[in-house]
Amino acid sequence: MIRFGYADTRFGQIHYASCGAGEPVLLLHQTPRSWDEYREVLPLLGRTRRAIAMDTLGFGNSAPPPRHSIEAYAGGVLALMDALGLAEAAVAGHHTGGVVAVEVAASAPERVSRLVLSSTPMVDHEGRLRRRERPPIDAVRELPDGSHLAGLWHNRAPYYPWRLLNRYVRDALAVLPGVERGHEAVAGYRMEERVGLIRCPVLLVGAAGDPFAFPELDRLAARLPGSARAVIEDGMIPLEHQAAEFAAIVAGFLRS
């Protein structure tokens with residue numbers, strides 16, 4: 001059974017969903033999603049541990065951050081851990097969530113036992129330049145005829161099975177007009193200065209059908225020598241599409 005809660009923190013209330021009991025694993029979603037990205041994963045990981053999927057500050061039902069930056073999002077992760085009494089946890093992040101997970105592990109290495117980076121970009125100087133030149137990913141203009149709903153749908157339609165698009169659109173609508181803020185936070189992050197501070201075992205998970213993140217897997221691995229690697233051959237951008245295989249890979253890594 002998935003249970004829901006709100007934790008009181010110095011940022012305001014942070015919303016989370018959890019399943020199971022035992023050693024904790026904290027799950028961080030991509031932009032502009034919510035805990036719902038891990039709806040299928042939670043019961044699978046919850047069989048053997050306490051799986052917790054949070055809404056990043058400023059997304060889902062969590063309080064807004066003081067500013068939209070990877071550092072602020074990571075501060076929210078640590079604040080939730082404090083509120084839940086978690087001295088240490090494994091942390092797994094997907095896309096933007098992976099970048100946030102890097103900052104959590106770099107800023108508080110004593111609190112992250114293991115790190116899973118799923119479809120996580122390497123945001124160094126080259127990555128920042130590429131993002132500066134790239135058009136917005138999800139931005140739409142809100143219009144009285146509601147056509148912006150179709151705009152959100154069509155922005156991701158080439159990369160999502162259509163049955164998953166309803167969940168993405170719902171989460172995106174919840175943060176309009178700030179749907180790009182998470183992407184902007186990633187584009188401004190100096191990841192090359194932080195990855196070297198990670199001290200725990202790391203697993204890199206690539207989704208072969210992700211045209212944006214998968215080509216960066218080797219670049220990230222080069223910055224994290226000694227990291228393990230797993231590839232989901234039929235994986236795509238939405239984590240829900242590969243939930244069962246992702247959960248099995250993460251569970252195996254956490255057991256090892």
# chains A, B, ... in the order shown; residues from 1 in each chain; ligands from 1
>>> residues_around(residues="Gly60 (chain A)", least_positions_apart="6", cutoff="8 Å", atoms="only C-alpha atoms", output="ChimeraX atom specification")
/A:15,33-35,171,174-175
>>> write_last_selection(atoms="N, CA, C and O atoms", output="PDB file, in the first residue's frame")
ATOM      1  N   HIS A  15       5.660  17.225   0.286  1.00  0.00           N
ATOM      2  CA  HIS A  15       4.777  16.081   0.091  1.00  0.00           C
ATOM      3  C   HIS A  15       5.583  14.874  -0.376  1.00  0.00           C
ATOM      4  O   HIS A  15       6.514  14.998  -1.167  1.00  0.00           O
ATOM      5  N   ARG A  33       7.689  16.662 -13.266  1.00  0.00           N
ATOM      6  CA  ARG A  33       6.841  15.610 -12.735  1.00  0.00           C
ATOM      7  C   ARG A  33       6.653  15.742 -11.226  1.00  0.00           C
ATOM      8  O   ARG A  33       6.866  16.798 -10.638  1.00  0.00           O
ATOM      9  N   SER A  34       6.241  14.651 -10.606  1.00  0.00           N
ATOM     10  CA  SER A  34       5.977  14.596  -9.177  1.00  0.00           C
ATOM     11  C   SER A  34       6.316  13.185  -8.706  1.00  0.00           C
ATOM     12  O   SER A  34       6.848  12.369  -9.484  1.00  0.00           O
ATOM     13  N   TRP A  35       5.958  12.865  -7.463  1.00  0.00           N
ATOM     14  CA  TRP A  35       6.163  11.513  -6.947  1.00  0.00           C
ATOM     15  C   TRP A  35       5.541  10.470  -7.867  1.00  0.00           C
ATOM     16  O   TRP A  35       6.001   9.315  -7.929  1.00  0.00           O
ATOM     17  N   ASP A 171       0.881  16.767 -14.209  1.00  0.00           N
ATOM     18  CA  ASP A 171       1.950  17.348 -13.391  1.00  0.00           C
ATOM     19  C   ASP A 171       2.423  18.680 -13.955  1.00  0.00           C
ATOM     20  O   ASP A 171       2.730  19.617 -13.209  1.00  0.00           O
ATOM     21  N   ALA A 174       0.153  21.578 -13.118  1.00  0.00           N
ATOM     22  CA  ALA A 174       0.214  21.999 -11.717  1.00  0.00           C
ATOM     23  C   ALA A 174       1.260  23.074 -11.479  1.00  0.00           C
ATOM     24  O   ALA A 174       1.187  23.797 -10.470  1.00  0.00           O
ATOM     25  N   VAL A 175       2.234  23.214 -12.387  1.00  0.00           N
ATOM     26  CA  VAL A 175       3.310  24.183 -12.156  1.00  0.00           C
ATOM     27  C   VAL A 175       3.331  25.310 -13.189  1.00  0.00           C
ATOM     28  O   VAL A 175       4.248  26.138 -13.179  1.00  0.00           O
TER      29      VAL A 175
END
>>> closest_atom_pairs(of="region 45-131 of chain A", to="region 21-26 of chain A", cutoff="6 Å", atoms="only C-alpha atoms", output="CSV")
residue,atom,partner,partner_atom,distance
A:Arg49,CA,A:Gly22,CA,4.3
A:Arg50,CA,A:Ala21,CA,4.1
A:Ala51,CA,A:Val25,CA,5.0
A:Ile52,CA,A:Leu26,CA,4.9
A:Ala53,CA,A:Leu26,CA,5.9
A:Ala89,CA,A:Pro24,CA,5.2
A:Ala90,CA,A:Val25,CA,4.6
A:Val91,CA,A:Leu26,CA,4.8
>>> select_by_dssp(residues="region 7-255 of chain A", states="strand (DSSP E)", output="VMD selection string")
chain A and resid 7 to 9 12 to 19 24 to 28 50 to 54 89 to 94 112 to 118 202 to 207 228 to 232
>>> residues_around(residues="Arg223 (chain A)", least_positions_apart="4", cutoff="12 Å", atoms="only C-alpha atoms", output="MDAnalysis selection string")
chainID A and resid 102 121:124 191:198 202 204 216:219 227
>>> closest_residue(among="A:Gly93, A:Pro201, A:Gly188, A:Gly146", to="Pro225 (chain A)", atoms="only C-alpha atoms")
A:Pro201
>>> residues_around(residues="Glu142 (chain A)", least_positions_apart="5", cutoff="9 Å", atoms="only C-alpha atoms", output="ChimeraX atom specification")
/A:147-149,176-177
>>> residues_around(residues="Tyr38 (chain A)", least_positions_apart="3", cutoff="8 Å", atoms="only C-alpha atoms", output="JSON, numbers by chain")
{"A": [27, 29, 35, 41, 42, 53, 239, 240, 243]}
>>> closest_residue(among="A:Ile70, A:Leu203, A:Ala187, A:Ala87", to="Glu126 (chain A)", atoms="only C-alpha atoms")
A:Ala187
>>> closest_residue(among="A:Ala207, A:Leu84, A:Met236, A:Ala106", to="Arg190 (chain A)", atoms="only C-alpha atoms")
A:Ala106
>>> residues_around(residues="Ala74 (chain A)", least_positions_apart="3", cutoff="8 Å", atoms="only C-alpha atoms", output="PyMOL selection string")
chain A and resi 70-71+77-78+100-101+103-104
